[in-house]
Every structure is written in C-alpha cells, then in structure tokens.
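Enquirer: Provided herewith: work.json, JSON, C-alpha atoms.
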```
[["chain", "number", "residue", "atom", "x", "y", "z"],
["A", 1, "MET", "CA", 4.21, 3.45, 0.14],
["A", 2, "GLY", "CA", 4.80, 4.90, -3.33],
["A", 3, "ASN", "CA", 7.08, 2.39, -5.05],
["A", 4, "ASP", "CA", 6.31, -0.60, -2.81],
["A", 5, "LYS", "CA", 5.21, -3.32, -5.21],
["A", 6, "VAL", "CA", 4.85, -7.06, -4.79],
["A", 7, "PHE", "CA", 5.92, -9.49, -7.50],
["A", 8, "TYR", "CA", 4.90, -13.15, -7.48],
["A", 9, "VAL", "CA", 7.93, -15.43, -7.64],
["A", 10, "GLY", "CA", 6.57, -18.88, -6.86],
["A", 11, "PRO", "CA", 4.36, -20.87, -4.52],
["A", 12, "GLY", "CA", 4.39, -19.17, -1.15],
["A", 13, "ARG", "CA", 7.21, -16.76, -2.03],
["A", 14, "LEU", "CA", 7.06, -13.05, -2.71],
["A", 15, "ASN", "CA", 9.80, -10.77, -4.01],
["A", 16, "TRP", "CA", 9.53, -7.27, -2.55],
["A", 17, "SER", "CA", 10.76, -4.39, -4.67],
["A", 18, "ALA", "CA", 11.23, -2.08, -1.69],
["A", 19, "LYS", "CA", 12.72, -2.50, 1.77],
["A", 20, "ARG", "CA", 9.43, -1.75, 3.54],
["A", 21, "ALA", "CA", 6.87, -4.41, 2.73],
["A", 22, "PHE", "CA", 3.28, -4.48, 3.92],
["A", 23, "VAL", "CA", 0.09, -6.32, 3.19],
["A", 24, "THR", "CA", -3.10, -4.39, 2.60],
["A", 25, "ARG", "CA", -6.38, -5.46, 4.12],
["A", 26, "GLY", "CA", -7.74, -6.49, 0.74],
["A", 27, "MET", "CA", -4.73, -8.70, 0.08],
["A", 28, "ALA", "CA", -5.09, -10.34, 3.48],
["A", 29, "TYR", "CA", -8.75, -11.22, 2.92],
["A", 30, "GLU", "CA", -8.06, -12.33, -0.65],
["A", 31, "ALA", "CA", -5.30, -14.65, 0.56],
["A", 32, "THR", "CA", -7.63, -16.08, 3.20],
["A", 33, "ALA", "CA", -10.38, -16.54, 0.61],
["A", 34, "THR", "CA", -8.09, -18.65, -1.58],
["A", 35, "GLN", "CA", -8.02, -21.25, 1.20],
["A", 36, "ALA", "CA", -11.83, -21.50, 1.33],
["A", 37, "ALA", "CA", -13.46, -24.91, 0.98],
["A", 38, "THR", "CA", -16.54, -23.64, -0.90],
["A", 39, "PRO", "CA", -17.30, -20.69, -3.20],
["A", 40, "GLU", "CA", -19.77, -19.32, -0.63],
["A", 41, "GLU", "CA", -17.06, -19.35, 2.02],
["A", 42, "ALA", "CA", -14.70, -17.48, -0.33],
["A", 43, "VAL", "CA", -17.31, -14.79, -1.05],
["A", 44, "ASP", "CA", -18.11, -14.35, 2.66],
["A", 45, "THR", "CA", -14.41, -14.23, 3.55],
["A", 46, "ARG", "CA", -13.79, -11.44, 1.04],
["A", 47, "ALA", "CA", -16.66, -9.47, 2.62],
["A", 48, "LEU", "CA", -15.36, -9.75, 6.19],
["A", 49, "GLY", "CA", -13.57, -6.40, 6.04],
["A", 50, "ALA", "CA", -16.83, -4.59, 5.39],
["A", 51, "LYS", "CA", -18.55, -6.52, 8.20],
["A", 52, "PHE", "CA", -15.83, -5.54, 10.69],
["A", 53, "ASP", "CA", -15.86, -1.90, 9.53],
["A", 54, "GLY", "CA", -19.34, -1.51, 10.99],
["A", 55, "LEU", "CA", -18.11, -2.41, 14.48],
["A", 56, "ASP", "CA", -16.62, -0.05, 17.00],
["A", 57, "ASP", "CA", -13.30, -0.85, 18.66],
["A", 58, "ARG", "CA", -14.85, -2.19, 21.88],
["A", 59, "ASP", "CA", -17.08, -4.70, 20.09],
["A", 60, "LEU", "CA", -14.21, -5.81, 17.88],
["A", 61, "TYR", "CA", -11.96, -6.28, 20.91],
["A", 62, "VAL", "CA", -14.58, -8.40, 22.66],
["A", 63, "MET", "CA", -15.10, -10.54, 19.54],
["A", 64, "ALA", "CA", -11.38, -11.11, 19.14],
["A", 65, "LYS", "CA", -10.72, -11.97, 22.79],
["A", 66, "ASP", "CA", -13.74, -13.85, 24.18],
["A", 67, "ASP", "CA", -14.77, -17.48, 23.62],
["A", 68, "GLU", "CA", -18.19, -16.77, 22.11],
["A", 69, "PRO", "CA", -18.66, -17.42, 18.36],
["A", 70, "VAL", "CA", -18.15, -14.42, 16.07],
["A", 71, "GLY", "CA", -20.24, -15.62, 13.11],
["A", 72, "PRO", "CA", -23.72, -15.11, 14.60],
["A", 73, "ARG", "CA", -22.78, -11.65, 15.87],
["A", 74, "ILE", "CA", -21.83, -10.34, 12.42],
["A", 75, "GLY", "CA", -24.25, -12.46, 10.39],
["A", 76, "VAL", "CA", -21.76, -14.81, 8.73],
["A", 77, "THR", "CA", -22.50, -18.54, 8.57],
["A", 78, "ASN", "CA", -20.30, -19.90, 5.75],
["A", 79, "VAL", "CA", -16.89, -19.09, 7.27],
["A", 80, "PRO", "CA", -15.21, -21.28, 9.93],
["A", 81, "GLU", "CA", -15.05, -19.81, 13.40],
["A", 82, "SER", "CA", -11.25, -20.04, 13.47],
["A", 83, "THR", "CA", -11.06, -17.81, 10.38],
["A", 84, "LEU", "CA", -13.49, -15.33, 11.91],
["A", 85, "LYS", "CA", -11.48, -15.13, 15.17],
["A", 86, "MET", "CA", -8.26, -14.68, 13.22],
["A", 87, "SER", "CA", -9.85, -11.96, 11.08],
["A", 88, "ALA", "CA", -11.20, -10.13, 14.13],
["A", 89, "SER", "CA", -7.74, -10.22, 15.70],
["A", 90, "TYR", "CA", -6.21, -8.98, 12.45],
["A", 91, "GLU", "CA", -8.69, -6.07, 12.26],
["A", 92, "LEU", "CA", -7.92, -5.19, 15.87],
["A", 93, "VAL", "CA", -4.17, -5.06, 15.13],
["A", 94, "VAL", "CA", -4.78, -2.94, 12.00],
["A", 95, "ARG", "CA", -6.83, -0.43, 13.99],
["A", 96, "GLU", "CA", -4.23, -0.27, 16.77],
["A", 97, "ARG", "CA", -1.48, 0.41, 14.22],
["A", 98, "LYS", "CA", -3.52, 3.15, 12.56],
["A", 99, "LEU", "CA", -4.14, 4.77, 15.96],
["A", 100, "LYS", "CA", -0.45, 4.65, 16.88],
["A", 101, "SER", "CA", 0.51, 6.07, 13.49],
["A", 102, "ARG", "CA", -2.02, 8.88, 13.88],
["A", 103, "GLN", "CA", -0.76, 9.65, 17.40],
["A", 104, "TRP", "CA", 2.84, 9.72, 16.16],
["A", 105, "ARG", "CA", 1.98, 12.12, 13.34],
["A", 106, "ILE", "CA", 0.15, 14.42, 15.75],
["A", 107, "SER", "CA", 3.10, 14.32, 18.15],
["A", 108, "LEU", "CA", 5.51, 15.11, 15.34],
["A", 109, "GLY", "CA", 3.30, 17.98, 14.17],
["A", 110, "VAL", "CA", 3.08, 19.48, 17.66],
["A", 111, "THR", "CA", 6.85, 19.17, 18.09],
["A", 112, "ALA", "CA", 7.43, 20.92, 14.75],
["A", 113, "LEU", "CA", 4.95, 23.66, 15.67],
["A", 114, "ILE", "CA", 6.69, 24.26, 19.01],
["A", 115, "GLY", "CA", 10.05, 24.40, 17.23],
["A", 116, "VAL", "CA", 8.80, 26.93, 14.68],
["A", 117, "ALA", "CA", 7.20, 29.03, 17.43],
["A", 118, "GLY", "CA", 10.49, 29.00, 19.33],
["A", 119, "TRP", "CA", 12.36, 30.27, 16.27],
["A", 120, "ILE", "CA", 9.77, 33.01, 15.71],
["A", 121, "PHE", "CA", 10.04, 34.20, 19.32],
["A", 122, "ALA", "CA", 13.84, 34.10, 19.08],
["A", 123, "ILE", "CA", 13.78, 36.20, 15.91],
["A", 124, "PHE", "CA", 11.38, 38.74, 17.46],
["A", 125, "ASP", "CA", 13.53, 38.87, 20.59],
["A", 126, "LEU", "CA", 16.65, 39.43, 18.51],
["A", 127, "TRP", "CA", 14.87, 42.09, 16.47],
["A", 128, "ALA", "CA", 13.73, 43.85, 19.68],
["A", 129, "CYS", "CA", 17.33, 43.89, 20.94],
["A", 130, "VAL", "CA", 18.62, 45.40, 17.68],
["A", 131, "LYS", "CA", 16.17, 48.32, 17.84]]
```
Translate this structure into structure tokens?
Expert:
Amino acid sequence: MGNDKVFYVGPGRLNWSAKRAFVTRGMAYEATATQAATPEEAVDTRALGAKFDGLDDRDLYVMAKDDEPVGPRIGVTNVPESTLKMSASYELVVRERKLKSRQWRISLGVTALIGVAGWIFAIFDLWACVK
C-alpha cells in the first residue's frame, strides 16, 4: 500500500504510480454512484457498503448467488437490482480475499515460528555438545 496513488489522466483512464494497483471499497461504490440516474440512487449506492457490512458471509453468499431480489432484504429501494447483485458479488469477493490474505499471514507466521524454534533447539543442542 504505502505509495500506491491513483492519478486521473482522462475519461476512463487511470495512471498508477506503483506497480500494484487496487481499488478500495469506497472508490468502487463512489464509481458506481456516479452512474446513478437520480440523486437518491447515488446516495443509496454510496451507503451499500454499510448495508452489506451488517450481513454475515452466508447471507451475503445467498444474496449474491440466488435469483431473489436483494433490495427488499437490505432495505434499499432506489438502486436497480442489477447494481445490488453486482455489489453483493463484489462484497463477497472482497471478503474472500481478506480471508485468504489472513490465512496466508497466519501460515507465514507459523512457518517463521517453527523456523525460529528449530534454530533455538539447534543452538541448545550444539551448546549441550560443547559442554
């Protein structure tokens, strides 16, 4: 993250100042809100992140994958159903990426801990042999 910055170059084009580029949740909802047909739709679209935060992963998965409308389930009426489905799918992907990232960090930490423990035991073993 750190030095990753986005600079606007022109319509539909972005110039990334770092090799790794990513879009934050807020940017994604803001970009979606710019396509809104009415001001009410734009306001509701910007608030979708907070609406989806209150859902657990199972409910979000069901909303993203089934054919039932999402709007009545989260109390949103001014946003088209296609936008709601897309946003639910986006939230699901974001949560899956966070989970995988967390699992990777835990795995890396456990591997490092095992490596350090191995070195400690090797040093104690060597010390015992020297005595």
Enquirer: Tell me which of A:Ala117, A:Val70, A:Val76, A:Val62 sits closest to Val43 (chain A), counting only C-alpha atoms.
Expert: A:Val76
Enquirer: Considering only C-alpha atoms, state which residue in the set A:Ala28, A:Ile74, A:Leu55, A:Ile114 is at the smallest distance from Ser87 (chain A).
Expert: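 Closest candidate: A:Ala28.
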Enquirer: Measure the distance from CA of Tyr90 (chain A) to CA of Phe52 (chain A) in Å and round it to one decimal.
Expert: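 About the pair CA of Tyr90 (chain A) and CA of Phe52 (chain A): they are 10.4 Å apart.
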Enquirer: Give as an MDAnalysis selection string every residue, naming chains and numbers as the document does, that has an atom within 7 Å of (-11.9, -3.0, 7.0), counting all atoms listed in the file.
Expert: chainID A and resid 25 49:50 52:53 91
Enquirer: Got a sec: who's within 9 Å of Glu40 (chain A), counting only C-alpha atoms, leaving out chain neighbours fewer than 5 positions off, as a list in words?
Expert: Thr45, Asn78 and Val79 of chain A
Enquirer: How far is it from CA of Lys65 (chain A) to CA of Ser89 (chain A), in Å with one decimal?
Expert: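 Spanning CA of Lys65 (chain A) to CA of Ser89 (chain A) is a straight-line distance of 7.9 Å.
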Enquirer: For the atom pair CA of Arg102 (chain A) and CA of Asp57 (chain A), what is the interatomic distance in Å to one decimal place?
Expert: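 Spanning CA of Arg102 (chain A) to CA of Asp57 (chain A) is a straight-line distance of 15.6 Å.
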Enquirer: Point out the residue among A:Met86, A:Val94, A:Ala31, A:Ala64 with the least atom-to-atom distance to Arg46 (chain A), counting all atoms listed in the file.
Expert: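 Closest to Arg46 (chain A) of all the choices is A:Ala31.
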Enquirer: Which polymer residues, whether protein, DNA or RNA, lie within 10 Å of the coordinate (-11.9, -24.5, 9.7) when you count only C-alpha atoms? List them as a count of residues only, using the chain letters and numbers from the file.
Expert: 9
